[in-house]
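Written below as structure tokens is the structure these notes are about.
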Amino acid sequence: MTFRYCPRCATELELRPSTGPDPDRSTCPNCGFVHYENPTPTVQAWIDHDGSYLALRRDEEPLQGEWNMPGGFVEVGERGDEAIIREVREETGLEVEVVELIGIFDSTYGFGEDAKPIFDVAFHCRITGGAGDDLDVSEESSEARWFPLAEFPQPAFAGEQKALARLREMVG
């Protein structure tokens, strides 16, 4: 999001040149507010169900028709574990708990100039409620399937691809 006016005092922002390796930044000449364009945190769930892991076929752009993991953007004030539990419930109807952190991976959401840099936090999860084979899949997905890691399809996003490689290392 690009600000034109300061969110603190409503003064028009000015582009201040950087004196170091950082990029130029929008700065308020009145109160000193500096606007930083930071990556957005996202979460992804690798849900273990009898040695298979859930993938959802995307029914929305970007990458419609590709497989990806249950997950999404972290809401303001939400911890990563809270975000993944909420996202899995919304997208599948399953209740899960986090077993362990797989890793945090840099990625992007979207393409070209509209691509948003993200930090994708991957969680290894297990089902604590709901039926693993009878999913209540949201309108964001057209299909849900369980895959053994050896047969897991290429995930849509770079962060998910990196998480799959790390999970394969972790579980052998």
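Letters A, B, ... go to the chains of the structure tokens in the order shown; residues in each chain start at 1; ligands are counted from 1 in the same order.
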
Using only C-alpha atoms, determine which residues lie at most 9 Å from region 23-31 of chain A, disregarding the query and same-chain residues fewer than 4 positions distant; provide the list as a ChimeraX atom specification.
-> /A:2-6,8-19,35-37

Would you please extract all helix (DSSP H, G or I) residues from region 106-153 of chain A, as assigned by DSSP on the backbone, and give them as a count of residues only?
-> 6

Do you know which residues are at most 10 Å from Ala55 (chain A) counting only C-alpha atoms, after dropping those on the same chain fewer than 2 positions away, and could you put them as a PyMOL selection string?
-> chain A and resi 45-47+52-53+57-58+66-70+141+143-147+152-153+155

Just asking: which residues within chain A are strand (DSSP E) according to DSSP, as a ChimeraX atom specification?
-> /A:14-16,25-27,40-49,52-58,67-68,71-73,95-109,116-129,141-148

Shell of 7 Å around Thr108 (chain A), only C-alpha atoms, local chain residues under 3 positions omitted, as a PyMOL selection string = chain A and resi 115-118

For the selection just defined, write its residues with N, CA, C and O atoms to a file, as a tab-separated table (two decimals), in the first residue's frame.
```
chain	number	residue	atom	x	y	z
A	115	ALA	N	3.08	-8.37	-7.97
A	115	ALA	CA	3.55	-9.42	-7.07
A	115	ALA	C	3.88	-8.83	-5.70
A	115	ALA	O	4.59	-7.84	-5.59
A	116	LYS	N	3.30	-9.43	-4.68
A	116	LYS	CA	3.50	-8.97	-3.31
A	116	LYS	C	4.52	-9.87	-2.63
A	116	LYS	O	4.35	-11.09	-2.58
A	117	PRO	N	5.62	-9.30	-2.09
A	117	PRO	CA	6.58	-10.14	-1.37
A	117	PRO	C	5.95	-10.65	-0.07
A	117	PRO	O	5.26	-9.89	0.62
A	118	ILE	N	6.16	-11.92	0.21
A	118	ILE	CA	5.61	-12.52	1.42
A	118	ILE	C	6.68	-13.34	2.13
A	118	ILE	O	7.66	-13.78	1.52
```

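With distances restricted to only C-alpha atoms, A:Asp50 is the closest residue to Ile127 (chain A) from A:Glu139, A:Glu61, A:Glu113, A:Asp50.
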
Pick out the residues sitting within 12 Å of Gly172 (chain A), and hand them over as a ChimeraX atom specification; count only C-alpha atoms, and ignore anything fewer than 3 positions along from it in its own chain.
-> /A:51,149-150,164-169

So how far away is CA of Asp22 (chain A) from CA of Asp120 (chain A), in Å?
-> 23.1 Å
